[in-house]
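Have a look at the structure below, then the notes.
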Amino acid sequence: MDVLIAVLGGAIRVGTPFLFVSLGECLTEKTGRVNLGLEGVLVLSAMAGFGGSYISGSPWIGVLAAGFSGALLAMLHGFLCSLPKVSDIATGIALMLLGVGLAFYFGKSLIQPQAVQIPSIELGAWSDSAQVQSALRINALFPIGVVLAVLMAWMLKHTRWGLILRMAGDSTDAARALGYSVNTVRVLATTVGGFIAGIGGASLSLYYPGSWNEGLSSGQGLIAVALVIFARWRPMHCLGAALIFGGAGAVGPALQSVGISAGYHLFNVMPYALTLLILLCSCSPKRSLQGAPMELKLAR
């Protein structure tokens with residue numbers, strides 16, 4: 001029971017960055033553009049969020065700084081991909097390296113200091129168990145992410161803006177026939193998606209693990225691309241997928257908390273093994289395109 005409680009708490013704690021990054025990428029890919037530079041967005045925004053909180057003394061200013069830094073890098077990706085004969089994949093990889101490099105360069109002085117952390121929401125005060133209290137100590141960003149997933153799902157399905165986004169991703173000819181600029185729609189969606197992903201970076205540096213260092217992300221930005229495929233480009237499914245990935249990442253620490261340390265490093269690779277398994281299961285010719293925007297480069 002202690003292990004299950006610890007995994008539950010860890011799923012929310014570890015899954016919060018996955019949730020925001022996957023929602024940002026889901027919004028981007030709905031318009032027919034893929035952003036493989038999310039790893040750079042995540043690392044750069046984590047550094048910016050930590051620096052913003054450290055300088056200002058407010059974690060929420062840090063969250064905004066993280067979001068805007070992620071939006072700027074994603075906007076650059078959007079503009080570059082709007083140029084003729086520019087590959088989304090190659091540009092994303094280049095910007096991933098750029099974002100990581102900028103974060104390492106400007107973040108050198110932030111490795112030692114401590115920044116003000118994002119507050120927790122205590123949902124386990126009713127229990128006398130320390131394990132339950134710890135498991136139900138929720139990142140304040142997590143409820144925001146849940147609400148964002150619900151709003152995004154509703155917006156994509158029931159609003160004019162959602163229709164325009166889906167039209168840009170499913171048929172550029174139809175979008176142009178109705179007078180919409182596909183490039184403008186994609187740049188805006190990519191920028192907003194970068195802002196949302198940047199909030200996930202703030203969660204990394206200002207909540208869990210709660211510090212800034214050069215190995216903070218460990219490939220979570222790239223995992224988020226596989227997570228969106230697993231979620232079939234649906235925001236509410238991104239929520240469930242983020243909790244699954246978060247739970248996989250929390251198994252190792254949960255076992256260690258009850259004294260089981262054998263194979264600890266093996267359990268730490270579970271999110272990456274799960275990513276490979278999901279990609280293998282998504283390679284079926286009958287299911288690989290299910291739910292994918294028709295103009296998405298990965299679908300061709």
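In the structure tokens, chains take letters A, B, ... by order of appearance, with residues numbered from 1 within each chain and ligands from 1 in the order shown.
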
What are the nearest atom pairs, with distances in Å to one decimal, for all residues of region 192-243 of chain A that come at most 10 Å from region 266-278 of chain A, using only C-alpha atoms, set out by chain and rising residue number as a tab-separated table?
residue	atom	partner	partner_atom	distance
A:Ser218	CA	A:Tyr272	CA	10.0
A:Gly219	CA	A:Tyr272	CA	8.9
A:Gln220	CA	A:Tyr272	CA	9.2
A:Leu222	CA	A:Thr275	CA	9.7
A:Ile223	CA	A:Thr275	CA	6.6
A:Ala224	CA	A:Thr275	CA	9.2
A:Val225	CA	A:Thr275	CA	9.6
A:Ala226	CA	A:Thr275	CA	6.4
A:Leu227	CA	A:Thr275	CA	7.5
A:Ile229	CA	A:Ile278	CA	8.5
A:Phe230	CA	A:Ile278	CA	6.5

Nearest to Asp88 (chain A): which of A:Gly32, A:Pro209, A:Gly200, A:Pro293 is it, counting only C-alpha atoms? A:Gly32

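What separates CA of Cys238 (chain A) from CA of Pro119 (chain A) is a distance of 23.9 Å.
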
Please identify the alpha helix (DSSP H) residues within region 122-232 of chain A (assignment by DSSP from backbone atoms) and present them as a ChimeraX atom specification. /A:130-135,141-158,160-170,172-177,182-206,220-230

Which residues are near region 202-207 of chain A? Cut-off 9 Å, only C-alpha atoms, ignore same chain within fewer than 6 positions. Put them as a VMD selection string. chain A and resid 13 to 14 16 to 17 42 45 to 50 53 59 62 to 67 115 to 120 139 141 213 216 to 217

Take the residues that were just selected and, keeping N, CA, C and O atoms, output them as a short mmCIF file (atom, residue, chain, number, x, y, z; two decimals), in the first residue's frame.
data_model
loop_
_atom_site.label_atom_id
_atom_site.label_comp_id
_atom_site.auth_asym_id
_atom_site.auth_seq_id
_atom_site.Cartn_x
_atom_site.Cartn_y
_atom_site.Cartn_z
N ARG A 13 3.63 14.18 -9.37
CA ARG A 13 4.83 15.01 -9.24
C ARG A 13 5.70 14.94 -10.49
O ARG A 13 6.11 15.96 -11.04
N VAL A 14 5.97 13.73 -10.96
CA VAL A 14 6.83 13.55 -12.14
C VAL A 14 6.06 13.84 -13.43
O VAL A 14 6.64 14.30 -14.41
N THR A 16 3.71 16.12 -14.02
CA THR A 16 3.31 17.50 -14.30
C THR A 16 4.08 18.12 -15.46
O THR A 16 3.47 18.71 -16.36
N PRO A 17 5.43 18.02 -15.51
CA PRO A 17 6.13 18.55 -16.70
C PRO A 17 5.69 17.86 -18.00
O PRO A 17 5.52 18.52 -19.03
N LEU A 42 12.30 23.03 -23.14
CA LEU A 42 12.15 22.62 -21.75
C LEU A 42 13.36 23.03 -20.91
O LEU A 42 13.22 23.58 -19.81
N SER A 45 13.58 26.97 -20.70
CA SER A 45 12.54 27.52 -19.83
C SER A 45 12.78 27.16 -18.37
O SER A 45 12.47 27.95 -17.47
N ALA A 46 13.33 25.97 -18.11
CA ALA A 46 13.66 25.61 -16.74
C ALA A 46 14.71 26.55 -16.17
O ALA A 46 14.61 27.01 -15.02
N MET A 47 15.72 26.88 -16.98
CA MET A 47 16.75 27.82 -16.55
C MET A 47 16.16 29.21 -16.35
O MET A 47 16.41 29.88 -15.34
N ALA A 48 15.33 29.67 -17.29
CA ALA A 48 14.73 31.00 -17.20
C ALA A 48 13.79 31.09 -16.00
O ALA A 48 13.75 32.11 -15.30
N GLY A 49 13.01 30.03 -15.77
CA GLY A 49 12.10 30.03 -14.64
C GLY A 49 12.84 30.08 -13.31
O GLY A 49 12.46 30.82 -12.39
N PHE A 50 13.92 29.31 -13.20
CA PHE A 50 14.72 29.32 -11.98
C PHE A 50 15.36 30.69 -11.77
O PHE A 50 15.35 31.23 -10.66
N SER A 53 12.70 33.31 -10.74
CA SER A 53 12.29 33.17 -9.35
C SER A 53 13.40 33.62 -8.41
O SER A 53 13.15 34.27 -7.38
N PRO A 59 7.99 32.79 -7.26
CA PRO A 59 7.99 31.65 -8.18
C PRO A 59 7.07 31.86 -9.38
O PRO A 59 7.32 31.31 -10.46
N GLY A 62 8.81 33.55 -12.01
CA GLY A 62 9.63 32.53 -12.65
C GLY A 62 8.86 31.70 -13.64
O GLY A 62 9.36 31.37 -14.73
N VAL A 63 7.61 31.34 -13.31
CA VAL A 63 6.77 30.57 -14.23
C VAL A 63 6.51 31.37 -15.50
O VAL A 63 6.58 30.82 -16.62
N LEU A 64 6.22 32.66 -15.36
CA LEU A 64 5.99 33.51 -16.53
C LEU A 64 7.26 33.64 -17.37
O LEU A 64 7.20 33.59 -18.61
N ALA A 65 8.41 33.79 -16.71
CA ALA A 65 9.67 33.88 -17.44
C ALA A 65 9.93 32.60 -18.22
O ALA A 65 10.40 32.62 -19.36
N ALA A 66 9.63 31.46 -17.60
CA ALA A 66 9.80 30.18 -18.28
C ALA A 66 8.88 30.07 -19.49
O ALA A 66 9.29 29.64 -20.58
N GLY A 67 7.62 30.48 -19.30
CA GLY A 67 6.67 30.41 -20.41
C GLY A 67 7.08 31.29 -21.58
O GLY A 67 7.04 30.85 -22.74
N ALA A 115 16.37 29.03 -5.44
CA ALA A 115 15.28 29.93 -5.81
C ALA A 115 14.02 29.59 -5.01
O ALA A 115 13.87 28.46 -4.50
N VAL A 116 13.12 30.55 -4.91
CA VAL A 116 11.84 30.32 -4.24
C VAL A 116 11.04 29.31 -5.06
O VAL A 116 10.87 29.47 -6.27
N GLN A 117 10.53 28.28 -4.39
CA GLN A 117 9.86 27.19 -5.08
C GLN A 117 8.36 27.43 -5.24
O GLN A 117 7.75 28.22 -4.51
N ILE A 118 7.77 26.74 -6.22
CA ILE A 118 6.32 26.78 -6.42
C ILE A 118 5.66 26.11 -5.22
O ILE A 118 6.08 25.04 -4.79
N PRO A 119 4.63 26.72 -4.64
CA PRO A 119 4.00 26.14 -3.44
C PRO A 119 3.26 24.85 -3.75
O PRO A 119 2.88 24.57 -4.89
N SER A 120 3.05 24.07 -2.69
CA SER A 120 2.30 22.82 -2.80
C SER A 120 0.87 23.03 -2.31
O SER A 120 0.60 23.90 -1.49
N ASN A 139 1.70 19.58 -6.61
CA ASN A 139 2.26 20.76 -7.28
C ASN A 139 1.12 21.70 -7.67
O ASN A 139 0.14 21.29 -8.30
N LEU A 141 0.91 23.71 -9.92
CA LEU A 141 0.73 23.80 -11.37
C LEU A 141 -0.12 22.66 -11.92
O LEU A 141 -0.70 22.79 -13.00
N ASN A 213 20.17 22.40 -12.97
CA ASN A 213 21.45 21.82 -13.35
C ASN A 213 21.35 21.39 -14.80
O ASN A 213 20.26 21.31 -15.37
N LEU A 216 18.97 18.39 -16.07
CA LEU A 216 17.66 18.44 -15.43
C LEU A 216 16.58 17.70 -16.22
O LEU A 216 15.77 16.97 -15.67
N SER A 217 16.55 17.89 -17.53
CA SER A 217 15.44 17.38 -18.33
C SER A 217 15.53 15.88 -18.62
O SER A 217 14.53 15.17 -18.59
#

Taking 3 positions as the minimum chain separation for residues in the same chain, which residues sit within 10 Å of region 178-190 of chain A when counting only C-alpha atoms? Answer as a PyMOL selection string. chain A and resi 24-35+71-83+161+164-165+167-169+171-175+193-196

With distances taken over only C-alpha atoms, the candidate from A:Gly215, A:Gly70, A:Gly37, A:Gly57 nearest Thr91 (chain A) is A:Gly37

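Near Gly101 (chain A), within 12 Å and counting only C-alpha atoms, sit Glu39, Gly40, Val41, Val43, Leu44, Met47, Ala94, Leu95, Met96, Phe106, Gly107, Lys108 and Glu214 of chain A, not including residues fewer than 5 positions from it in the same chain.
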
Using only all heavy atoms, please write the residues we just selected to a file, as a CSV table (one decimal), in the first residue's frame.
chain,number,residue,atom,x,y,z
A,39,GLU,N,12.9,19.7,-26.4
A,39,GLU,CA,13.9,19.4,-25.3
A,39,GLU,C,14.7,20.7,-25.1
A,39,GLU,O,14.9,21.1,-23.9
A,39,GLU,CB,14.9,18.4,-25.8
A,39,GLU,CG,16.0,18.1,-24.8
A,39,GLU,CD,15.5,17.3,-23.6
A,39,GLU,OE1,14.3,16.9,-23.5
A,39,GLU,OE2,16.3,17.2,-22.6
A,40,GLY,N,15.0,21.5,-26.1
A,40,GLY,CA,15.6,22.8,-25.9
A,40,GLY,C,14.7,23.8,-25.2
A,40,GLY,O,15.1,24.6,-24.4
A,41,VAL,N,13.4,23.8,-25.6
A,41,VAL,CA,12.4,24.6,-25.0
A,41,VAL,C,12.3,24.3,-23.5
A,41,VAL,O,12.3,25.2,-22.6
A,41,VAL,CB,11.0,24.4,-25.6
A,41,VAL,CG1,9.9,25.1,-24.8
A,41,VAL,CG2,11.0,25.0,-27.0
A,43,VAL,N,14.6,22.8,-21.4
A,43,VAL,CA,15.8,23.1,-20.7
A,43,VAL,C,15.9,24.6,-20.5
A,43,VAL,O,16.2,25.2,-19.5
A,43,VAL,CB,17.0,22.5,-21.4
A,43,VAL,CG1,18.3,22.9,-20.7
A,43,VAL,CG2,16.9,21.0,-21.4
A,44,LEU,N,15.7,25.4,-21.6
A,44,LEU,CA,15.8,26.8,-21.6
A,44,LEU,C,14.8,27.4,-20.6
A,44,LEU,O,15.1,28.3,-19.9
A,44,LEU,CB,15.7,27.4,-23.0
A,44,LEU,CG,15.8,28.9,-23.1
A,44,LEU,CD1,17.2,29.4,-22.7
A,44,LEU,CD2,15.5,29.4,-24.5
A,47,MET,N,15.7,26.9,-17.0
A,47,MET,CA,16.7,27.8,-16.5
A,47,MET,C,16.2,29.2,-16.3
A,47,MET,O,16.4,29.9,-15.3
A,47,MET,CB,17.9,27.9,-17.6
A,47,MET,CG,19.1,28.8,-17.2
A,47,MET,SD,18.8,30.5,-17.6
A,47,MET,CE,18.6,30.5,-19.4
A,94,ALA,N,17.9,21.4,-34.7
A,94,ALA,CA,18.8,22.6,-34.5
A,94,ALA,C,18.4,23.5,-33.4
A,94,ALA,O,19.3,23.9,-32.6
A,94,ALA,CB,18.9,23.4,-35.8
A,95,LEU,N,17.2,23.7,-33.2
A,95,LEU,CA,16.7,24.6,-32.1
A,95,LEU,C,16.8,23.9,-30.8
A,95,LEU,O,16.9,24.5,-29.7
A,95,LEU,CB,15.3,25.1,-32.4
A,95,LEU,CG,15.2,26.1,-33.5
A,95,LEU,CD1,13.7,26.6,-33.7
A,95,LEU,CD2,16.1,27.3,-33.2
A,96,MET,N,16.7,22.6,-30.8
A,96,MET,CA,16.9,21.8,-29.5
A,96,MET,C,18.4,22.1,-29.0
A,96,MET,O,18.6,22.4,-27.8
A,96,MET,CB,16.7,20.4,-29.7
A,96,MET,CG,17.0,19.5,-28.5
A,96,MET,SD,16.7,17.7,-28.8
A,96,MET,CE,18.0,17.4,-30.0
A,106,PHE,N,23.9,30.6,-20.1
A,106,PHE,CA,23.4,31.6,-19.2
A,106,PHE,C,23.1,31.0,-17.8
A,106,PHE,O,22.9,31.8,-16.8
A,106,PHE,CB,22.1,32.2,-19.8
A,106,PHE,CG,22.4,33.1,-21.0
A,106,PHE,CD1,22.0,32.7,-22.2
A,106,PHE,CD2,23.0,34.3,-20.8
A,106,PHE,CE1,22.2,33.5,-23.3
A,106,PHE,CE2,23.2,35.1,-21.9
A,106,PHE,CZ,22.8,34.7,-23.2
A,107,GLY,N,23.0,29.7,-17.7
A,107,GLY,CA,22.6,29.1,-16.4
A,107,GLY,C,23.8,28.7,-15.5
A,107,GLY,O,23.6,28.1,-14.5
A,108,LYS,N,25.1,29.0,-16.0
A,108,LYS,CA,26.2,28.6,-15.2
A,108,LYS,C,26.2,29.2,-13.8
A,108,LYS,O,26.5,28.5,-12.8
A,108,LYS,CB,27.5,29.1,-15.9
A,108,LYS,CG,27.9,28.3,-17.1
A,108,LYS,CD,28.3,26.9,-16.9
A,108,LYS,CE,28.8,26.2,-18.1
A,108,LYS,NZ,29.2,24.8,-17.9
A,214,GLU,N,22.5,21.1,-15.4
A,214,GLU,CA,22.5,20.9,-16.8
A,214,GLU,C,21.9,19.5,-17.3
A,214,GLU,O,21.6,19.4,-18.4
A,214,GLU,CB,24.0,21.0,-17.3
A,214,GLU,CG,24.6,22.4,-17.1
A,214,GLU,CD,26.0,22.5,-17.6
A,214,GLU,OE1,26.6,21.4,-17.9
A,214,GLU,OE2,26.5,23.6,-17.6

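Taking CA of Val21 (chain A) as the reference point, CA of Gly210 (chain A) is found at 17.3 Å.
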
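Note that the spacing between CA of Gly51 (chain A) and CA of Val192 (chain A) amounts to 21.5 Å.
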
Quick one: residues within 8 Å of Ile12 (chain A), only C-alpha atoms counted, chain neighbours fewer than 3 positions away excluded, as a list in words? Leu8, Gly9, Gly15, Thr16, Ile138, Asn139, Phe142, Leu243, Gly246 and Gly247 of chain A

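Per DSSP on the backbone, strand (DSSP E) in region 58-205 of chain A comprises Ser120, Ile121, Glu122, Arg137, Ile138 and Asn139 of chain A.
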
Taking all heavy atoms for each residue, export the selection above as an mmCIF file, in the first residue's frame.
data_model
loop_
_atom_site.group_PDB
_atom_site.id
_atom_site.type_symbol
_atom_site.label_atom_id
_atom_site.label_comp_id
_atom_site.auth_asym_id
_atom_site.auth_seq_id
_atom_site.Cartn_x
_atom_site.Cartn_y
_atom_site.Cartn_z
ATOM 1 N N SER A 120 3.048 24.073 -2.692
ATOM 2 C CA SER A 120 2.299 22.819 -2.802
ATOM 3 C C SER A 120 0.871 23.026 -2.307
ATOM 4 O O SER A 120 0.604 23.904 -1.488
ATOM 5 C CB SER A 120 2.966 21.720 -1.975
ATOM 6 O OG SER A 120 4.283 21.460 -2.433
ATOM 7 N N ILE A 121 -0.027 22.208 -2.815
ATOM 8 C CA ILE A 121 -1.400 22.164 -2.318
ATOM 9 C C ILE A 121 -1.526 20.919 -1.448
ATOM 10 O O ILE A 121 -1.339 19.795 -1.927
ATOM 11 C CB ILE A 121 -2.407 22.122 -3.474
ATOM 12 C CG1 ILE A 121 -2.260 23.366 -4.346
ATOM 13 C CG2 ILE A 121 -3.832 22.008 -2.944
ATOM 14 C CD1 ILE A 121 -3.143 23.349 -5.574
ATOM 15 N N GLU A 122 -1.813 21.108 -0.177
ATOM 16 C CA GLU A 122 -1.879 20.003 0.776
ATOM 17 C C GLU A 122 -3.276 19.382 0.751
ATOM 18 O O GLU A 122 -4.234 19.954 1.276
ATOM 19 C CB GLU A 122 -1.541 20.497 2.183
ATOM 20 C CG GLU A 122 -0.179 21.176 2.310
ATOM 21 C CD GLU A 122 0.969 20.197 2.212
ATOM 22 O OE1 GLU A 122 0.723 18.980 2.364
ATOM 23 O OE2 GLU A 122 2.114 20.644 2.004
ATOM 24 N N ARG A 137 0.584 15.775 -1.540
ATOM 25 C CA ARG A 137 1.140 17.128 -1.588
ATOM 26 C C ARG A 137 1.344 17.467 -3.069
ATOM 27 O O ARG A 137 2.286 17.047 -3.709
ATOM 28 C CB ARG A 137 2.462 17.185 -0.819
ATOM 29 C CG ARG A 137 3.023 18.588 -0.645
ATOM 30 C CD ARG A 137 4.234 18.611 0.264
ATOM 31 N NE ARG A 137 3.884 18.225 1.624
ATOM 32 C CZ ARG A 137 4.400 17.175 2.259
ATOM 33 N NH1 ARG A 137 5.281 16.390 1.654
ATOM 34 N NH2 ARG A 137 4.040 16.895 3.496
ATOM 35 N N ILE A 138 0.414 18.228 -3.623
ATOM 36 C CA ILE A 138 0.293 18.398 -5.068
ATOM 37 C C ILE A 138 0.971 19.688 -5.524
ATOM 38 O O ILE A 138 0.825 20.752 -4.907
ATOM 39 C CB ILE A 138 -1.193 18.425 -5.484
ATOM 40 C CG1 ILE A 138 -1.912 17.169 -4.983
ATOM 41 C CG2 ILE A 138 -1.332 18.541 -7.000
ATOM 42 C CD1 ILE A 138 -1.347 15.893 -5.495
ATOM 43 N N ASN A 139 1.703 19.582 -6.609
ATOM 44 C CA ASN A 139 2.262 20.762 -7.276
ATOM 45 C C ASN A 139 1.124 21.704 -7.668
ATOM 46 O O ASN A 139 0.143 21.291 -8.296
ATOM 47 C CB ASN A 139 3.028 20.287 -8.520
ATOM 48 C CG ASN A 139 3.700 21.411 -9.276
ATOM 49 O OD1 ASN A 139 3.455 22.594 -9.023
ATOM 50 N ND2 ASN A 139 4.551 21.057 -10.209
#
